[in-house]
Every structure is written in C-alpha cells, then in structure tokens.
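S.K.: File protein-v7.pdb below, PDB, C-alpha atoms and all ligand atoms:
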ATOM      1  CA  MET C   1       9.803   4.503 -26.002
ATOM      2  CA  ILE C   2       6.191   5.725 -26.370
ATOM      3  CA  GLU C   3       5.761   8.048 -29.310
ATOM      4  CA  VAL C   4       3.527  10.742 -27.836
ATOM      5  CA  ASN C   5       0.779  11.909 -30.208
ATOM      6  CA  GLY C   6      -2.686  13.454 -30.048
ATOM      7  CA  ASP C   7      -4.205  10.180 -28.798
ATOM      8  CA  THR C   8      -1.750   9.577 -25.943
ATOM      9  CA  GLN C   9      -3.593   8.997 -22.679
ATOM     10  CA  ILE C  10      -2.481  10.861 -19.573
ATOM     11  CA  LEU C  11      -1.851   8.938 -16.349
ATOM     12  CA  GLY C  12      -0.051  10.218 -13.293
ATOM     13  CA  LEU C  13       0.572  10.395  -9.587
ATOM     14  CA  ILE C  14      -1.312  13.009  -7.531
ATOM     15  CA  GLY C  15       0.488  13.972  -4.324
ATOM     16  CA  SER C  16       2.465  16.687  -2.644
ATOM     17  CA  ASP C  17       5.835  14.997  -2.103
ATOM     18  CA  ILE C  18       6.238  12.488  -4.889
ATOM     19  CA  SER C  19       9.791  12.863  -6.154
ATOM     20  CA  GLN C  20      10.949   9.568  -4.615
ATOM     21  CA  SER C  21       8.012   7.518  -5.874
ATOM     22  CA  LYS C  22       8.664   4.348  -7.852
ATOM     23  CA  SER C  23       5.297   4.641  -9.624
ATOM     24  CA  PHE C  24       6.713   6.527 -12.621
ATOM     25  CA  GLN C  25       9.079   3.765 -13.649
ATOM     26  CA  LEU C  26       6.601   0.961 -12.885
ATOM     27  CA  HIS C  27       3.718   2.369 -14.918
ATOM     28  CA  ASN C  28       5.707   3.827 -17.803
ATOM     29  CA  ILE C  29       7.551   0.553 -18.411
ATOM     30  CA  ALA C  30       4.231  -1.317 -18.354
ATOM     31  CA  CYS C  31       2.761   1.122 -20.931
ATOM     32  CA  GLN C  32       5.805   0.722 -23.160
ATOM     33  CA  GLN C  33       6.026  -3.040 -23.035
ATOM     34  CA  LEU C  34       2.289  -3.620 -23.307
ATOM     35  CA  ASP C  35       2.099  -1.183 -26.216
ATOM     36  CA  ILE C  36      -0.375   1.137 -24.500
ATOM     37  CA  ASN C  37      -0.356   4.698 -25.825
ATOM     38  CA  ALA C  38      -0.148   6.458 -22.443
ATOM     39  CA  VAL C  39       2.359   8.336 -20.320
ATOM     40  CA  TYR C  40       2.491   8.435 -16.511
ATOM     41  CA  ILE C  41       3.615  11.807 -15.184
ATOM     42  CA  PRO C  42       3.918  13.640 -11.834
ATOM     43  CA  PHE C  43       1.038  15.801 -10.623
ATOM     44  CA  SER C  44       2.804  17.484  -7.728
ATOM     45  CA  ILE C  45       0.075  19.569  -6.106
ATOM     46  CA  ALA C  46       0.023  21.914  -3.124
ATOM     47  CA  LYS C  47      -2.936  21.356  -0.781
ATOM     48  CA  GLU C  48      -4.434  24.785  -1.479
ATOM     49  CA  ASN C  49      -4.490  24.069  -5.247
ATOM     50  CA  PHE C  50      -6.134  20.667  -4.973
ATOM     51  CA  THR C  51      -9.660  21.624  -6.072
ATOM     52  CA  ALA C  52      -8.414  23.607  -9.075
ATOM     53  CA  SER C  53      -6.052  20.755  -9.985
ATOM     54  CA  MET C  54      -8.833  18.159  -9.920
ATOM     55  CA  ARG C  55     -10.922  20.365 -12.220
ATOM     56  CA  LEU C  56      -7.952  20.700 -14.548
ATOM     57  CA  LEU C  57      -7.346  16.936 -14.634
ATOM     58  CA  SER C  58     -11.000  16.421 -15.610
ATOM     59  CA  SER C  59     -10.915  19.122 -18.264
ATOM     60  CA  ILE C  60      -7.790  17.712 -19.968
ATOM     61  CA  ASN C  61      -9.427  14.282 -19.887
ATOM     62  CA  CYS C  62      -6.785  12.673 -17.698
ATOM     63  CA  PHE C  63      -7.348   8.912 -18.101
ATOM     64  CA  GLY C  64      -6.403   7.827 -14.588
ATOM     65  CA  ALA C  65      -4.096   8.461 -11.671
ATOM     66  CA  ASN C  66      -2.685   7.157  -8.452
ATOM     67  CA  VAL C  67      -3.292   9.234  -5.355
ATOM     68  CA  THR C  68      -0.939   9.548  -2.417
ATOM     69  CA  LEU C  69      -0.445  11.675   0.711
ATOM     70  CA  PRO C  70      -2.049  14.014   1.607
ATOM     71  CA  PHE C  71      -4.938  13.542  -0.827
ATOM     72  CA  LYS C  72      -6.142   9.951  -0.307
ATOM     73  CA  GLN C  73      -9.174  11.153   1.666
ATOM     74  CA  MET C  74      -9.414  14.713   0.362
ATOM     75  CA  ILE C  75     -10.148  13.321  -3.094
ATOM     76  CA  ILE C  76     -13.311  11.469  -2.040
ATOM     77  CA  PRO C  77     -15.745  14.411  -2.634
ATOM     78  CA  PHE C  78     -14.545  14.518  -6.269
ATOM     79  CA  ILE C  79     -15.382  10.863  -6.880
ATOM     80  CA  SER C  80     -18.695   9.787  -8.445
ATOM     81  CA  GLN C  81     -18.334   6.103  -7.639
ATOM     82  CA  LEU C  82     -16.240   4.327  -5.007
ATOM     83  CA  THR C  83     -15.352   0.631  -5.122
ATOM     84  CA  GLU C  84     -16.048  -1.568  -2.077
ATOM     85  CA  ASP C  85     -12.349  -1.536  -1.147
ATOM     86  CA  ALA C  86     -12.213   2.273  -1.230
ATOM     87  CA  ILE C  87     -15.366   2.521   0.892
ATOM     88  CA  LYS C  88     -14.124   0.026   3.504
ATOM     89  CA  ILE C  89     -10.625   1.490   3.685
ATOM     90  CA  GLY C  90     -12.032   5.028   3.634
ATOM     91  CA  ALA C  91      -9.341   6.229   1.230
ATOM     92  CA  VAL C  92      -8.671   6.263  -2.512
ATOM     93  CA  ASN C  93      -5.270   5.511  -4.054
ATOM     94  CA  THR C  94      -6.341   5.033  -7.683
ATOM     95  CA  ILE C  95      -8.829   6.925  -9.859
ATOM     96  CA  LYS C  96     -10.130   6.242 -13.345
ATOM     97  CA  ASN C  97     -11.953   8.627 -15.647
ATOM     98  CA  ASN C  98     -15.226   7.130 -16.807
ATOM     99  CA  ASP C  99     -16.789   9.520 -19.353
ATOM    100  CA  GLY C 100     -15.895  12.579 -17.290
ATOM    101  CA  LYS C 101     -16.718  11.010 -13.906
ATOM    102  CA  TRP C 102     -14.077   9.666 -11.540
ATOM    103  CA  ILE C 103     -14.243   6.141 -10.165
ATOM    104  CA  GLY C 104     -12.182   5.743  -6.988
ATOM    105  CA  HIS C 105     -10.509   2.517  -5.879
ATOM    106  CA  ASN C 106      -7.990   1.426  -3.276
ATOM    107  CA  THR C 107      -5.490  -1.277  -4.294
ATOM    108  CA  ASP C 108      -3.595  -1.614  -0.995
ATOM    109  CA  ALA C 109      -5.628  -4.436   0.554
ATOM    110  CA  GLN C 110      -5.579  -6.657  -2.522
ATOM    111  CA  GLY C 111      -1.931  -5.735  -3.131
ATOM    112  CA  PHE C 112      -1.099  -6.986   0.365
ATOM    113  CA  ILE C 113      -3.126 -10.184  -0.094
ATOM    114  CA  ASN C 114      -1.434 -10.979  -3.432
ATOM    115  CA  ALA C 115       2.039 -10.232  -2.070
ATOM    116  CA  MET C 116       1.516 -12.435   0.997
ATOM    117  CA  LYS C 117       0.156 -15.236  -1.195
ATOM    118  CA  GLU C 118       3.258 -15.015  -3.357
ATOM    119  CA  MET C 119       5.411 -15.323  -0.221
ATOM    120  CA  ASN C 120       3.339 -18.337   0.935
ATOM    121  CA  VAL C 121       2.532 -16.802   4.321
ATOM    122  CA  ILE C 122       0.631 -19.295   6.470
ATOM    123  CA  TRP C 123      -2.066 -17.479   8.463
ATOM    124  CA  ASN C 124      -4.168 -20.235   9.961
ATOM    125  CA  ASP C 125      -4.755 -19.957  13.678
ATOM    126  CA  ARG C 126      -1.744 -17.671  14.193
ATOM    127  CA  PRO C 127      -2.250 -14.572  16.387
ATOM    128  CA  ILE C 128      -1.711 -11.343  14.472
ATOM    129  CA  TYR C 129      -0.201  -8.196  15.996
ATOM    130  CA  LEU C 130      -0.379  -4.884  14.182
ATOM    131  CA  TRP C 131       1.557  -1.675  14.826
ATOM    132  CA  GLY C 132      -0.262   1.449  13.639
ATOM    133  CA  ALA C 133      -3.852   2.527  13.019
ATOM    134  CA  GLY C 134      -3.450   4.874  10.052
ATOM    135  CA  GLY C 135      -4.402   4.447   6.401
ATOM    136  CA  ALA C 136      -2.147   1.462   5.702
ATOM    137  CA  ALA C 137      -3.300  -0.307   8.892
ATOM    138  CA  ARG C 138      -6.913   0.127   7.757
ATOM    139  CA  ALA C 139      -6.100  -1.453   4.398
ATOM    140  CA  ILE C 140      -4.291  -4.350   6.107
ATOM    141  CA  CYS C 141      -7.231  -4.927   8.500
ATOM    142  CA  PHE C 142      -9.559  -5.074   5.500
ATOM    143  CA  ALA C 143      -7.175  -7.496   3.749
ATOM    144  CA  LEU C 144      -7.036  -9.710   6.849
ATOM    145  CA  GLN C 145     -10.817  -9.651   7.148
ATOM    146  CA  LYS C 146     -11.062 -10.613   3.440
ATOM    147  CA  ILE C 147      -8.839 -13.659   3.918
ATOM    148  CA  GLY C 148     -10.931 -14.802   6.863
ATOM    149  CA  ILE C 149      -8.900 -13.699   9.892
ATOM    150  CA  PRO C 150     -11.461 -13.206  12.701
ATOM    151  CA  SER C 151      -9.526 -10.945  15.081
ATOM    152  CA  ILE C 152      -6.226  -9.201  15.650
ATOM    153  CA  TYR C 153      -4.262  -7.301  18.299
ATOM    154  CA  CYS C 154      -3.184  -3.725  17.656
ATOM    155  CA  TRP C 155      -0.863  -1.151  19.184
ATOM    156  CA  ASN C 156      -0.938   2.512  18.148
ATOM    157  CA  ARG C 157       0.868   5.560  19.531
ATOM    158  CA  THR C 158      -2.483   7.342  19.831
ATOM    159  CA  GLU C 159      -4.333   4.613  21.725
ATOM    160  CA  THR C 160      -7.832   5.877  20.988
ATOM    161  CA  LYS C 161      -7.286   5.381  17.254
ATOM    162  CA  VAL C 162      -7.134   1.593  17.629
ATOM    163  CA  GLU C 163     -10.926   1.620  18.009
ATOM    164  CA  THR C 164     -11.359   3.259  14.595
ATOM    165  CA  LEU C 165     -10.411  -0.101  13.026
ATOM    166  CA  ALA C 166     -13.130  -2.000  14.862
ATOM    167  CA  ASP C 167     -15.686  -1.463  12.094
ATOM    168  CA  ILE C 168     -13.507  -3.646   9.824
ATOM    169  CA  ILE C 169     -12.239  -6.439  12.047
ATOM    170  CA  ASP C 170     -12.558  -7.565  15.644
ATOM    171  CA  ILE C 171      -9.630  -5.781  17.259
ATOM    172  CA  GLN C 172      -8.095  -5.621  20.727
ATOM    173  CA  ALA C 173      -5.510  -3.149  21.923
ATOM    174  CA  TYR C 174      -2.429  -4.883  23.387
ATOM    175  CA  GLU C 175       0.351  -3.867  25.697
ATOM    176  CA  VAL C 176       3.553  -3.680  23.655
ATOM    177  CA  SER C 177       5.664  -4.783  26.590
ATOM    178  CA  GLN C 178       4.094  -8.235  26.305
ATOM    179  CA  THR C 179       6.137 -11.022  24.723
ATOM    180  CA  LEU C 180       4.546 -12.187  21.487
ATOM    181  CA  PRO C 181       3.496 -15.836  21.242
ATOM    182  CA  ASP C 182       5.901 -18.188  19.458
ATOM    183  CA  ASN C 183       3.788 -18.438  16.309
ATOM    184  CA  ALA C 184       2.781 -14.743  16.092
ATOM    185  CA  ILE C 185       2.685 -12.641  12.942
ATOM    186  CA  LEU C 186       3.738  -9.011  13.537
ATOM    187  CA  ILE C 187       2.866  -6.398  10.893
ATOM    188  CA  ASN C 188       4.432  -2.934  11.092
ATOM    189  CA  CYS C 189       2.051  -0.380   9.545
ATOM    190  CA  THR C 190       3.917   2.664  10.885
ATOM    191  CA  PRO C 191       6.742   4.558   9.163
ATOM    192  CA  LEU C 192       9.025   3.846  12.164
ATOM    193  CA  GLU C 193      12.480   2.797  11.009
ATOM    194  CA  ALA C 194      14.835   3.565  13.889
ATOM    195  CA  ILE C 195      15.117   0.662  16.273
ATOM    196  CA  SER C 196      15.246   3.087  19.219
ATOM    197  CA  LYS C 197      11.752   4.265  18.240
ATOM    198  CA  TYR C 198      10.156   0.845  17.936
ATOM    199  CA  PRO C 199       7.559   0.322  20.643
ATOM    200  CA  TYR C 200       9.243  -2.762  22.089
ATOM    201  CA  GLN C 201      12.551  -4.509  21.516
ATOM    202  CA  ASN C 202      11.012  -7.882  20.960
ATOM    203  CA  ASN C 203      13.064 -11.046  20.953
ATOM    204  CA  PHE C 204      11.788 -12.981  18.034
ATOM    205  CA  THR C 205      11.565 -16.737  17.542
ATOM    206  CA  PRO C 206      12.047 -18.896  14.418
ATOM    207  CA  TYR C 207       8.302 -19.631  14.220
ATOM    208  CA  GLN C 208       7.277 -15.995  13.986
ATOM    209  CA  THR C 209       6.710 -13.920  10.860
ATOM    210  CA  VAL C 210       7.523 -10.191  10.794
ATOM    211  CA  ILE C 211       6.101  -8.073   7.975
ATOM    212  CA  ASP C 212       7.146  -4.445   7.521
ATOM    213  CA  LEU C 213       5.170  -2.369   5.011
ATOM    214  CA  ILE C 214       8.212  -0.156   4.427
ATOM    215  CA  TYR C 215       9.552  -0.914   0.930
ATOM    216  CA  ARG C 216      13.029  -1.995   1.999
ATOM    217  CA  GLU C 217      14.919  -3.947   4.628
ATOM    218  CA  THR C 218      14.535  -2.289   8.045
ATOM    219  CA  PRO C 219      16.229  -2.779  11.435
ATOM    220  CA  LEU C 220      13.018  -4.484  12.600
ATOM    221  CA  LEU C 221      13.323  -7.099   9.857
ATOM    222  CA  GLU C 222      17.046  -7.455  10.395
ATOM    223  CA  LYS C 223      16.547  -8.125  14.083
ATOM    224  CA  ALA C 224      13.754 -10.612  13.454
ATOM    225  CA  ARG C 225      15.900 -12.423  10.870
ATOM    226  CA  GLN C 226      18.817 -12.636  13.302
ATOM    227  CA  HIS C 227      16.490 -14.590  15.598
ATOM    228  CA  GLY C 228      15.443 -16.888  12.770
ATOM    229  CA  ALA C 229      11.975 -15.421  12.121
ATOM    230  CA  GLU C 230      10.504 -15.227   8.635
ATOM    231  CA  THR C 231      10.681 -11.622   7.369
ATOM    232  CA  ILE C 232       8.902  -9.796   4.543
ATOM    233  CA  ASN C 233       9.295  -6.160   3.513
ATOM    234  CA  GLY C 234       6.726  -3.952   1.727
ATOM    235  CA  PHE C 235       8.252  -4.241  -1.706
ATOM    236  CA  GLY C 236       5.975  -7.046  -2.875
ATOM    237  CA  MET C 237       2.892  -5.145  -1.726
ATOM    238  CA  LEU C 238       4.122  -2.053  -3.577
ATOM    239  CA  LEU C 239       4.498  -4.017  -6.814
ATOM    240  CA  HIS C 240       1.202  -5.861  -6.504
ATOM    241  CA  GLN C 241      -0.822  -2.749  -5.648
ATOM    242  CA  ALA C 242       0.745  -0.973  -8.648
ATOM    243  CA  ALA C 243      -0.115  -3.872 -10.954
ATOM    244  CA  ILE C 244      -3.715  -3.902  -9.680
ATOM    245  CA  ALA C 245      -3.974  -0.126 -10.303
ATOM    246  CA  PHE C 246      -2.711  -0.602 -13.857
ATOM    247  CA  GLN C 247      -5.295  -3.341 -14.438
ATOM    248  CA  PHE C 248      -7.976  -1.028 -13.046
ATOM    249  CA  TRP C 249      -7.130   1.353 -15.931
ATOM    250  CA  TYR C 250      -6.403  -1.357 -18.479
ATOM    251  CA  PRO C 251      -8.295  -4.584 -17.705
ATOM    252  CA  ASP C 252      -7.005  -7.727 -19.481
ATOM    253  CA  THR C 253      -3.372  -6.648 -19.174
ATOM    254  CA  GLU C 254      -0.685  -8.479 -17.187
ATOM    255  CA  PRO C 255       1.738  -5.806 -15.974
ATOM    256  CA  LEU C 256       3.115  -7.525 -12.848
ATOM    257  CA  SER C 257       6.027  -9.477 -14.355
ATOM    258  CA  ILE C 258       7.079  -6.446 -16.437
ATOM    259  CA  MET C 259       7.087  -4.194 -13.373
ATOM    260  CA  LYS C 260       8.901  -6.791 -11.290
ATOM    261  CA  GLN C 261      11.628  -7.393 -13.848
ATOM    262  CA  ASN C 262      12.180  -3.674 -14.402
ATOM    263  CA  ILE C 263      12.531  -2.885 -10.730
ATOM    264  CA  GLN C 264      14.819  -5.853 -10.102
ATOM    265  CA  GLU C 265      17.115  -4.789 -12.964
ATOM    266  CA  ARG C 266      17.309  -1.239 -11.632
ATOM    267  CA  HIS C 267      18.142  -2.331  -8.099
ATOM    268  CA  GLN C 268      20.664  -5.072  -8.896
TER     269      GLN C 268
HETATM  270  P1  LIG A 301      -0.565   7.283   8.121
HETATM  271  O1  LIG A 301      -1.969   7.122   7.682
HETATM  272  O2  LIG A 301       0.017   8.632   8.263
HETATM  273  O3  LIG A 301      -0.428   6.499   9.535
HETATM  274  C1  LIG A 301       0.803   6.485  10.221
HETATM  275  C2  LIG A 301       0.723   5.536  11.401
HETATM  276  O4  LIG A 301       2.026   5.467  11.994
HETATM  277  C3  LIG A 301      -0.220   5.987  12.501
HETATM  278  O5  LIG A 301      -0.708   4.852  13.167
HETATM  279  C4  LIG A 301       0.712   6.795  13.418
HETATM  280  O6  LIG A 301       0.295   6.831  14.769
HETATM  281  C5  LIG A 301       1.974   5.973  13.334
HETATM  282  N1  LIG A 301       3.156   6.806  13.597
HETATM  283  C6  LIG A 301       3.648   7.796  12.814
HETATM  284  N2  LIG A 301       4.761   8.319  13.380
HETATM  285  C7  LIG A 301       4.944   7.650  14.543
HETATM  286  C8  LIG A 301       5.918   7.729  15.588
HETATM  287  N3  LIG A 301       6.924   8.630  15.554
HETATM  288  N4  LIG A 301       5.814   6.881  16.645
HETATM  289  C9  LIG A 301       4.807   5.982  16.697
HETATM  290  N5  LIG A 301       3.854   5.855  15.741
HETATM  291  C10 LIG A 301       3.928   6.678  14.678
HETATM  292  O7  LIG A 301       0.457   6.507   7.145
HETATM  293  P2  LIG A 301       0.135   5.155   6.325
HETATM  294  O8  LIG A 301      -0.375   5.530   4.984
HETATM  295  O9  LIG A 301      -0.684   4.273   7.210
HETATM  296  O10 LIG A 301       1.600   4.543   6.089
HETATM  297  C11 LIG A 301       2.277   3.856   7.121
HETATM  298  C12 LIG A 301       3.515   3.138   6.519
HETATM  299  O11 LIG A 301       3.105   2.141   5.590
HETATM  300  C13 LIG A 301       4.458   4.083   5.743
HETATM  301  O12 LIG A 301       5.788   3.705   6.034
HETATM  302  C14 LIG A 301       4.135   3.773   4.287
HETATM  303  O13 LIG A 301       5.233   4.003   3.418
HETATM  304  C15 LIG A 301       3.817   2.278   4.371
HETATM  305  N6  LIG A 301       2.958   1.826   3.250
HETATM  306  C16 LIG A 301       3.469   0.876   2.414
HETATM  307  C17 LIG A 301       2.695   0.414   1.359
HETATM  308  C18 LIG A 301       3.259  -0.635   0.437
HETATM  309  O14 LIG A 301       2.748  -0.781  -0.687
HETATM  310  N7  LIG A 301       4.259  -1.363   0.849
HETATM  311  C19 LIG A 301       1.390   0.917   1.163
HETATM  312  C20 LIG A 301       0.891   1.892   2.049
HETATM  313  C21 LIG A 301       1.698   2.335   3.100
HETATM  314  P3  LIG A 301      -0.691   7.988  15.327
HETATM  315  O15 LIG A 301      -2.077   7.537  15.015
HETATM  316  O16 LIG A 301      -0.394   8.039  16.759
HETATM  317  O17 LIG A 301      -0.326   9.260  14.585
END
Written as structure tokens, that's how I'd like the structure from this file.
M.R.:
Amino acid sequence: MIEVNGDTQILGLIGSDISQSKSFQLHNIACQQLDINAVYIPFSIAKENFTASMRLLSSINCFGANVTLPFKQMIIPFISQLTEDAIKIGAVNTIKNNDGKWIGHNTDAQGFINAMKEMNVIWNDRPIYLWGAGGAARAICFALQKIGIPSIYCWNRTETKVETLADIIDIQAYEVSQTLPDNAILINCTPLEAISKYPYQNNFTPYQTVIDLIYRETPLLEKARQHGAETINGFGMLLHQAAIAFQFWYPDTEPLSIMKQNIQERHQ
C-alpha cells in the first residue's frame, strides 16, 4: 500500500463515464510494486466543466493522466506539445505534466503493435479488413502503417468517414456482403457486440485471423473460433497501451508483467 504524503504524485483518468475502467487497478498496482510514490484516481468530469477541470489539474500539479471519452480530442487545445502518435491519430489518451505544460501522447497504436507481436500475428501479404472509422480505427490504421502494411479495406456505418483514414494509410471501402479471402485478417474497431448487429454474418476459415478490440470474448470471436480461425480480443492491447502510458510518465520502469499478473489474478 502506498503511504500517501506531501510528495505523493497525482495520476488519474480523465473522462465522463469511467466507473468500469480497469486503469485504476493497473496503474495503482504498478505504482505500489515499483515503489513509485503516486496514486491514480478518477477525474470524472462533465463536459461543461472540462476547461475549469484542466486548469485545476494544472494548478494542483497533477503529474499525469489518461484521457478517455469524450475528451480525447477536446483536450488538444490544452496541450503544449503533441507526440507524433498523437498528431497522426488526432487524439490524446495520455498526458504528462512537464514543468506546468502538458505533453500529449496516444498509446493505442503502439499498444496494438506490441499486443499483436506478443500473439505472433503474421501479417505478410495478408489482406486486412477493418470495421469502423472512429478513434480506435485511426489508431489501428497508424499502427498498420507503422508495421509496413501498404493498404487495407474498410467498412464503416457512415460510409463517408472511411475517407478520413486515407491520410494515414491507403484505404478502400469494401462491400460487407463480400466473402473475405481465405487468409484475411478482420479487425473490429466498432463497439458492436450483438451478432445481429454485425455488418455481415461471415463464415470464417481456419486460415483467417479475427481481432476484436473489445476487451473480452465476443460473439464475433466465438463464431470465428467455431470455424477454426485464429481469434484475439482487445485485452492484450489494453494492457500494452496502459504499460506504455505508465512508461511515458516513468521511463525506465517495466510495468507490463506486474499489470498482467494483477489482472489475471483478479479474473481467475
Ligand atoms: P468511436 O471513436 O466512437 O468510433 C466508433 C466506431 O464504431 C465508428 O466507426 C462508428 O461508426 C461505429 N459504430 C458505433 N456504433 C455503431 C453501430 N450501432 N453500428 C455500426 N457501427 C457503429 O469509438 P472508438 O474509440 O473508435 O472505440 C471503438 C471500440 O474500440 C470500442 O469498443 C472501444 O472499447 C474499443 N477500443 C479498445 C481499445 C483497447 O485497448 N482494446 C482501445 C481503444 C478502443 P459511425 O462512424 O457510423 O458512427
């Protein structure tokens, strides 16, 4: 247990609906086990109080924070310096206080890359199909571009939004009624969880890989697994992006295995 004193650094999660977040346990256990004198607390903020809240966080010398919906873009005007990932993704999910000025970063793309590496996903020459064109899809497109994928196919409910990803990666809209090639990789970047709402009831094959960014097993993954496809949920990405955020605040630390062990113990 951290013994809070006058030197304890304040970390937290800025968002409007954060009660279900796993960030509190992940970051507090890392602080405890790495002997860092900091606590990670909720900053549950209503939209209309956002500006005042950001001023307050600066004035109490908040050390750093994660940022979630609906503030990932709203926070940008408060940031003095954005990392390349935050600029490319166009959203900030982690901030760090640097002598009274905020540095804004986005850990989603690298979190995805690290998680996929850990799962030994083979990308080469496989066609990639993406569902969604929101914030997470943007981060995934940037991740794919970083690992050298030249082009992808994308479906989004609002068709015109597919084009907004074209500044990151070569992208083509596709018709969801089409059968995916045998070696395709499908990545769900929407919050859709009910199978009746999925855009197409695909029949998967054993050579396909289906990745769902949702943090748990979903009917999409279950169906893909029944057909023998490789399946990956968003849990690994969640852990890796959290570990990268922690290292953004505290370079030279290794929080990943601590976070992983803690979350596995809690969910056994
Ligand atoms: P977002 O910016 O709000 O984008 C949501 C996307 O889903 C948009 O493309 C939207 O389409 C689509 N969508 C929403 N409701 C839909 C519906 N009823 N039917 C069809 N499409 C629908 O959200 P986000 O930040 O990208 O998050 C997307 C998902 O990724 C969430 O489940 C989130 O939890 C997950 N995520 C996971 C991680 C991780 O670490 N594993 C990280 C980030 C996000 P329109 O453009 O038509 O509105």
S.K.: Which residues are near ligand LIG 301 (chain A) in this structure, taking near to mean any atom at most 8 Å from a ligand atom and counting only C-alpha atoms and all ligand atoms? Format them as a PyMOL selection string.
M.R.: chain C and resi 69+108+111-112+131-138+156-159+161+188-192+197-199+212-215+233-241
S.K.: Just want the 10 Å neighbourhood of Phe50 of chain C, counted on all atoms listed in the file, with same-chain residues fewer than 3 positions away dropped. Output as a tab-separated table (two decimals) with C-alpha atoms, in the coordinates of the input.
M.R.:
chain	number	residue	atom	x	y	z
C	14	ILE	CA	-1.31	13.01	-7.53
C	15	GLY	CA	0.49	13.97	-4.32
C	16	SER	CA	2.46	16.69	-2.64
C	44	SER	CA	2.80	17.48	-7.73
C	45	ILE	CA	0.08	19.57	-6.11
C	46	ALA	CA	0.02	21.91	-3.12
C	47	LYS	CA	-2.94	21.36	-0.78
C	53	SER	CA	-6.05	20.76	-9.98
C	54	MET	CA	-8.83	18.16	-9.92
C	55	ARG	CA	-10.92	20.36	-12.22
C	56	LEU	CA	-7.95	20.70	-14.55
C	71	PHE	CA	-4.94	13.54	-0.83
C	74	MET	CA	-9.41	14.71	0.36
C	75	ILE	CA	-10.15	13.32	-3.09
S.K.: Go through C:Gln201, C:Gln226, C:Ser58, C:Asn262 one by one, measure the shortest atom-to-atom distance of each to Asn28 of chain C using only C-alpha atoms, and give the residue with the smallest value.
M.R.: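 Closest candidate: C:Asn262.
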S.K.: Let me make sure I understand: among C:Ile187, C:Asp125, C:Ile36, C:Asp17, which one has the smallest atom-to-atom distance to Pro70 of chain C if we use only C-alpha atoms?
M.R.: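 Of the candidates, the smallest distance to Pro70 of chain C is held by C:Asp17.
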S.K.: Pick out the residues sitting within 7 Å of segment 149-155 of chain C, and hand them over as a short mmCIF file (atom, residue, chain, number, x, y, z; two decimals) with C-alpha atoms, keeping the file's coordinate frame; count all atoms listed in the file, and ignore anything fewer than 5 positions along from it in its own chain.
M.R.:
data_model
loop_
_atom_site.label_atom_id
_atom_site.label_comp_id
_atom_site.auth_asym_id
_atom_site.auth_seq_id
_atom_site.Cartn_x
_atom_site.Cartn_y
_atom_site.Cartn_z
CA PRO C 127 -2.25 -14.57 16.39
CA ILE C 128 -1.71 -11.34 14.47
CA TYR C 129 -0.20 -8.20 16.00
CA LEU C 130 -0.38 -4.88 14.18
CA TRP C 131 1.56 -1.68 14.83
CA GLY C 132 -0.26 1.45 13.64
CA LEU C 144 -7.04 -9.71 6.85
CA VAL C 162 -7.13 1.59 17.63
CA ILE C 169 -12.24 -6.44 12.05
CA ASP C 170 -12.56 -7.56 15.64
CA ILE C 171 -9.63 -5.78 17.26
CA GLN C 172 -8.10 -5.62 20.73
CA ALA C 173 -5.51 -3.15 21.92
CA TYR C 174 -2.43 -4.88 23.39
CA VAL C 176 3.55 -3.68 23.66
#
S.K.: In Å, rounded to a single decimal, give me how far atom CA of Phe24 of chain C is from atom CA of Asp252 of chain C.
M.R.: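 Here the two named atoms are 20.9 Å from each other.
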S.K.: Of the residues C:Ser196, C:Pro181, C:Met259, C:Ser80, which is the one nearest to Phe246 of chain C, using only C-alpha atoms?
M.R.: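 Among the listed residues, C:Met259 lies closest to Phe246 of chain C.
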S.K.: Please report the interatomic distance between atom CA of Pro77 of chain C and atom CA of Trp249 of chain C in Å with one decimal.
M.R.: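 Going from atom CA of Pro77 of chain C over to atom CA of Trp249 of chain C, I get 20.5 Å.
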S.K.: Quick check, in Å to one decimal: how far apart do atom CA of Thr209 of chain C and atom CA of Glu230 of chain C lie?
M.R.: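 Calculated distance between atom CA of Thr209 of chain C and atom CA of Glu230 of chain C is 4.6 Å.
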S.K.: Which is closest to Gly148 of chain C among C:Val4, C:Ala242, C:Ile95, C:Ile113, if we use all atoms listed in the file?
M.R.: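 Result for the nearest residue to Gly148 of chain C: C:Ile113.
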S.K.: Report as a PyMOL selection string the residues that result from applying the PyMOL selection byres (((chain C and resi 7) around 12) and not hetatm) to the structure here.
M.R.: chain C and resi 2-6+8-10+36-39+61-63
S.K.: Out of C:Ser59, C:Met119, C:Asn114, C:Asn66, which residue has the shortest atom-to-atom distance to Ala91 of chain C when counting all atoms listed in the file?
M.R.: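 For Ala91 of chain C, the nearest of the candidates is C:Asn66.
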